[in-house]
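Trainee: Got a structure for you, work.pdb, holding PDB, C-alpha atoms, pLDDT in the B column.
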```pdb
ATOM      1  CA  MET A   1     106.225 -29.592 -16.048  1.00 54.00           C
ATOM      2  CA  PRO A   2     105.099 -32.325 -18.498  1.00 58.00           C
ATOM      3  CA  ALA A   3     102.126 -34.462 -17.533  1.00 68.00           C
ATOM      4  CA  GLU A   4     102.874 -37.913 -16.144  1.00 81.00           C
ATOM      5  CA  ALA A   5     102.042 -40.950 -18.255  1.00 84.00           C
ATOM      6  CA  GLU A   6      99.226 -43.244 -17.174  1.00 89.00           C
ATOM      7  CA  LEU A   7     100.266 -46.477 -15.512  1.00 92.00           C
ATOM      8  CA  THR A   8     100.635 -49.654 -17.538  1.00 93.00           C
ATOM      9  CA  SER A   9      98.715 -52.753 -16.456  1.00 93.00           C
ATOM     10  CA  ALA A  10     101.991 -54.326 -15.264  1.00 95.00           C
ATOM     11  CA  GLN A  11     102.734 -51.253 -13.133  1.00 96.00           C
ATOM     12  CA  VAL A  12      99.200 -51.308 -11.694  1.00 95.00           C
ATOM     13  CA  LYS A  13      99.591 -54.968 -10.727  1.00 96.00           C
ATOM     14  CA  GLU A  14     103.015 -54.321  -9.195  1.00 97.00           C
ATOM     15  CA  LEU A  15     101.676 -51.393  -7.137  1.00 97.00           C
ATOM     16  CA  PHE A  16      98.614 -53.359  -6.022  1.00 97.00           C
ATOM     17  CA  ASP A  17     100.869 -56.195  -4.837  1.00 97.00           C
ATOM     18  CA  LEU A  18     103.155 -53.692  -3.114  1.00 97.00           C
ATOM     19  CA  LEU A  19     100.208 -52.087  -1.296  1.00 97.00           C
ATOM     20  CA  SER A  20      98.779 -55.471  -0.291  1.00 97.00           C
ATOM     21  CA  SER A  21     102.133 -56.517   1.126  1.00 97.00           C
ATOM     22  CA  LYS A  22     102.516 -53.189   2.920  1.00 96.00           C
ATOM     23  CA  ARG A  23      99.038 -53.590   4.460  1.00 97.00           C
ATOM     24  CA  GLU A  24      99.943 -57.026   5.817  1.00 97.00           C
ATOM     25  CA  MET A  25     103.210 -55.709   7.272  1.00 96.00           C
ATOM     26  CA  LEU A  26     101.498 -52.720   8.933  1.00 95.00           C
ATOM     27  CA  GLU A  27      98.727 -54.900  10.379  1.00 94.00           C
ATOM     28  CA  SER A  28     101.379 -57.196  11.831  1.00 93.00           C
ATOM     29  CA  GLN A  29     103.279 -54.252  13.334  1.00 89.00           C
ATOM     30  CA  LEU A  30     100.106 -52.905  14.942  1.00 88.00           C
ATOM     31  CA  SER A  31      99.279 -56.288  16.385  1.00 87.00           C
ATOM     32  CA  GLU A  32     102.775 -56.715  17.834  1.00 83.00           C
ATOM     33  CA  SER A  33     102.881 -53.209  19.315  1.00 78.00           C
ATOM     34  CA  ARG A  34      99.696 -53.498  21.382  1.00 74.00           C
ATOM     35  CA  ASP A  35     101.574 -54.882  24.420  1.00 68.00           C
ATOM     36  CA  ALA A  36     103.874 -51.859  24.471  1.00 64.00           C
ATOM     37  CA  LEU A  37     100.832 -49.596  24.876  1.00 65.00           C
ATOM     38  CA  LYS A  38      99.597 -51.177  28.094  1.00 66.00           C
ATOM     39  CA  PRO A  39      99.741 -48.864  31.142  1.00 66.00           C
ATOM     40  CA  VAL A  40     102.943 -48.948  33.174  1.00 57.00           C
ATOM     41  CA  ALA A  41     102.266 -50.400  36.641  1.00 57.00           C
ATOM     42  CA  LEU A  42     102.923 -48.232  39.683  1.00 55.00           C
ATOM     43  CA  ASP A  43     104.217 -51.176  41.720  1.00 57.00           C
ATOM     44  CA  GLN A  44     107.604 -49.869  42.919  1.00 56.00           C
ATOM     45  CA  THR A  45     108.569 -53.271  44.304  1.00 56.00           C
ATOM     46  CA  LEU A  46     108.927 -54.473  40.722  1.00 56.00           C
ATOM     47  CA  GLN A  47     110.857 -51.507  39.427  1.00 55.00           C
ATOM     48  CA  GLY A  48     112.355 -48.324  40.794  1.00 57.00           C
ATOM     49  CA  ARG A  49     111.168 -44.813  40.077  1.00 58.00           C
ATOM     50  CA  VAL A  50     113.777 -44.199  37.368  1.00 59.00           C
ATOM     51  CA  SER A  51     112.964 -47.505  35.675  1.00 72.00           C
ATOM     52  CA  ARG A  52     109.261 -46.621  35.721  1.00 66.00           C
ATOM     53  CA  MET A  53     109.973 -43.209  34.153  1.00 71.00           C
ATOM     54  CA  ASP A  54     112.058 -44.930  31.492  1.00 75.00           C
ATOM     55  CA  ALA A  55     109.226 -47.400  30.859  1.00 71.00           C
ATOM     56  CA  MET A  56     106.739 -44.538  30.559  1.00 71.00           C
ATOM     57  CA  GLN A  57     109.010 -42.763  28.078  1.00 79.00           C
ATOM     58  CA  GLN A  58     109.329 -45.943  26.019  1.00 77.00           C
ATOM     59  CA  GLN A  59     105.552 -46.299  26.136  1.00 75.00           C
ATOM     60  CA  GLY A  60     105.205 -42.756  24.753  1.00 78.00           C
ATOM     61  CA  VAL A  61     107.544 -43.582  21.887  1.00 82.00           C
ATOM     62  CA  ALA A  62     105.618 -46.804  21.231  1.00 79.00           C
ATOM     63  CA  ALA A  63     102.308 -44.891  21.238  1.00 81.00           C
ATOM     64  CA  SER A  64     103.661 -42.393  18.716  1.00 87.00           C
ATOM     65  CA  ALA A  65     104.935 -45.187  16.455  1.00 86.00           C
ATOM     66  CA  HIS A  66     101.609 -47.016  16.807  1.00 86.00           C
ATOM     67  CA  LYS A  67      99.707 -43.884  15.762  1.00 92.00           C
ATOM     68  CA  HIS A  68     101.990 -43.328  12.756  1.00 93.00           C
ATOM     69  CA  THR A  69     101.616 -46.967  11.688  1.00 93.00           C
ATOM     70  CA  SER A  70      97.839 -46.760  12.097  1.00 94.00           C
ATOM     71  CA  THR A  71      97.678 -43.588   9.973  1.00 96.00           C
ATOM     72  CA  THR A  72      99.817 -45.185   7.269  1.00 96.00           C
ATOM     73  CA  LEU A  73      97.597 -48.284   7.316  1.00 96.00           C
ATOM     74  CA  GLN A  74      94.539 -46.068   6.758  1.00 97.00           C
ATOM     75  CA  LYS A  75      96.253 -44.454   3.747  1.00 96.00           C
ATOM     76  CA  VAL A  76      97.146 -47.882   2.347  1.00 97.00           C
ATOM     77  CA  ALA A  77      93.558 -49.127   2.800  1.00 97.00           C
ATOM     78  CA  SER A  78      92.281 -46.001   1.058  1.00 96.00           C
ATOM     79  CA  ALA A  79      94.683 -46.559  -1.843  1.00 97.00           C
ATOM     80  CA  LEU A  80      93.518 -50.172  -2.174  1.00 97.00           C
ATOM     81  CA  LYS A  81      89.903 -48.952  -2.324  1.00 97.00           C
ATOM     82  CA  ARG A  82      90.868 -46.603  -5.168  1.00 96.00           C
ATOM     83  CA  PHE A  83      91.750 -49.709  -7.191  1.00 94.00           C
ATOM     84  CA  GLU A  84      88.114 -50.840  -6.895  1.00 94.00           C
ATOM     85  CA  THR A  85      86.815 -47.524  -8.254  1.00 94.00           C
ATOM     86  CA  GLN A  86      89.598 -47.304 -10.846  1.00 93.00           C
ATOM     87  CA  GLU A  87      90.777 -44.026  -9.326  1.00 95.00           C
ATOM     88  CA  PHE A  88      94.172 -45.383  -8.273  1.00 96.00           C
ATOM     89  CA  GLY A  89      97.087 -43.567  -9.890  1.00 95.00           C
ATOM     90  CA  TYR A  90      95.200 -40.300 -10.352  1.00 96.00           C
ATOM     91  CA  CYS A  91      95.624 -37.221  -8.186  1.00 96.00           C
ATOM     92  CA  ARG A  92      92.619 -36.618  -5.921  1.00 95.00           C
ATOM     93  CA  LYS A  93      93.058 -32.854  -6.382  1.00 96.00           C
ATOM     94  CA  CYS A  94      93.910 -32.190 -10.037  1.00 95.00           C
ATOM     95  CA  GLU A  95      92.874 -35.635 -11.385  1.00 94.00           C
ATOM     96  CA  GLU A  96      96.054 -35.930 -13.455  1.00 95.00           C
ATOM     97  CA  PRO A  97      98.058 -39.185 -13.408  1.00 95.00           C
ATOM     98  CA  ILE A  98     100.478 -39.582 -10.500  1.00 96.00           C
ATOM     99  CA  GLY A  99     103.956 -40.511 -11.675  1.00 94.00           C
ATOM    100  CA  TYR A 100     105.023 -44.139 -11.444  1.00 95.00           C
ATOM    101  CA  GLY A 101     108.208 -43.163  -9.601  1.00 94.00           C
ATOM    102  CA  ARG A 102     106.216 -41.431  -6.868  1.00 95.00           C
ATOM    103  CA  LEU A 103     103.808 -44.348  -6.550  1.00 96.00           C
ATOM    104  CA  ARG A 104     106.670 -46.853  -6.504  1.00 96.00           C
ATOM    105  CA  ALA A 105     108.262 -44.968  -3.603  1.00 95.00           C
ATOM    106  CA  GLN A 106     105.000 -44.216  -1.797  1.00 95.00           C
ATOM    107  CA  PRO A 107     102.170 -46.291  -3.286  1.00 95.00           C
ATOM    108  CA  GLU A 108      99.582 -44.895  -0.861  1.00 96.00           C
ATOM    109  CA  SER A 109     100.016 -41.393  -2.341  1.00 95.00           C
ATOM    110  CA  ALA A 110      96.706 -39.748  -3.192  1.00 95.00           C
ATOM    111  CA  LEU A 111      98.209 -36.582  -4.649  1.00 96.00           C
ATOM    112  CA  CYS A 112     100.657 -35.920  -7.466  1.00 94.00           C
ATOM    113  CA  LEU A 113     103.977 -34.374  -6.516  1.00 93.00           C
ATOM    114  CA  SER A 114     102.892 -30.897  -7.646  1.00 93.00           C
ATOM    115  CA  CYS A 115      99.661 -30.890  -5.601  1.00 94.00           C
ATOM    116  CA  GLN A 116     101.433 -32.405  -2.590  1.00 94.00           C
ATOM    117  CA  SER A 117     104.125 -29.706  -2.771  1.00 93.00           C
ATOM    118  CA  SER A 118     101.463 -26.998  -2.936  1.00 92.00           C
ATOM    119  CA  LEU A 119      99.716 -28.485   0.092  1.00 91.00           C
ATOM    120  CA  ASP A 120     102.986 -28.758   2.045  1.00 92.00           C
ATOM    121  CA  ASN A 121     103.828 -25.098   1.340  1.00 90.00           C
ATOM    122  CA  GLN A 122     100.555 -23.722   2.680  1.00 85.00           C
TER     123      GLN A 122
END
```
Let me see whether you can do it: turn the structure in this file into structure tokens.
Mentor:
Amino acid sequence: MPAEAELTSAQVKELFDLLSSKREMLESQLSESRDALKPVALDQTLQGRVSRMDAMQQQGVAASAHKHTSTTLQKVASALKRFETQEFGYCRKCEEPIGYGRLRAQPESALCLSCQSSLDNQ
């Protein structure tokens, strides 16, 4: 497979802006989801047993989504730090350039498609 071309300065700026915007969106989602993570009250005068079970299930879904969002936010923050060290756009494993198409779709990617595929197949 041919090596990917290095990013142009316009592509770097576009990806930085995309990551910054994504960070803001994820931070907002985390902030808004905190209420959904509060414990479900056992007060059966307010809700019946089935309603409480439903609320607990919804809380579990919210907790899973919160964890996923938090993990993605950590990846985005890490990618933004790679801009500071001028490591953004290079695979953390093989150190080859990561393709623009991959970064456009998933700008927090730290691995090129080849290294990510190898990791996924282990």
Trainee: Selection in question (the file shown): the PyMOL selection byres ((chain A and resi 103) around 12). Which residues does it include, as a PyMOL selection string?
Mentor: chain A and resi 4+6-7+11-12+14-16+18-19+76+79+88-91+97-102+104-113
Trainee: When distances are computed from only C-alpha atoms, which of A:Arg34, A:Ala65, A:Ser114, A:Lys13 shows the smallest separation from Glu96 in chain A?
Mentor: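 Between A:Arg34, A:Ala65, A:Ser114, A:Lys13, the residue approaching Glu96 in chain A most closely is A:Ser114.
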Trainee: Considering only C-alpha atoms, can you say which of A:Thr8, A:Ala55, A:Ser33, A:Ser20 comes closest to Lys81 in chain A?
Mentor: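 Checking each candidate against Lys81 in chain A, we get A:Ser20 as the closest.
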Trainee: How many Å lie between CA of Ser117 in chain A and CA of Ala10 in chain A, rounded to one decimal?
Mentor: 27.7 Å
Trainee: What does the distance between CA of Gln116 in chain A and CA of Leu80 in chain A come to in Å, to one decimal place?
Mentor: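 Distance between the two atoms: 19.5 Å.
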Trainee: One decimal, in Å: what's the spacing between CA of Thr69 in chain A and CA of Ser31 in chain A?
Mentor: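 Separating CA of Thr69 in chain A from CA of Ser31 in chain A is a distance of 10.7 Å.
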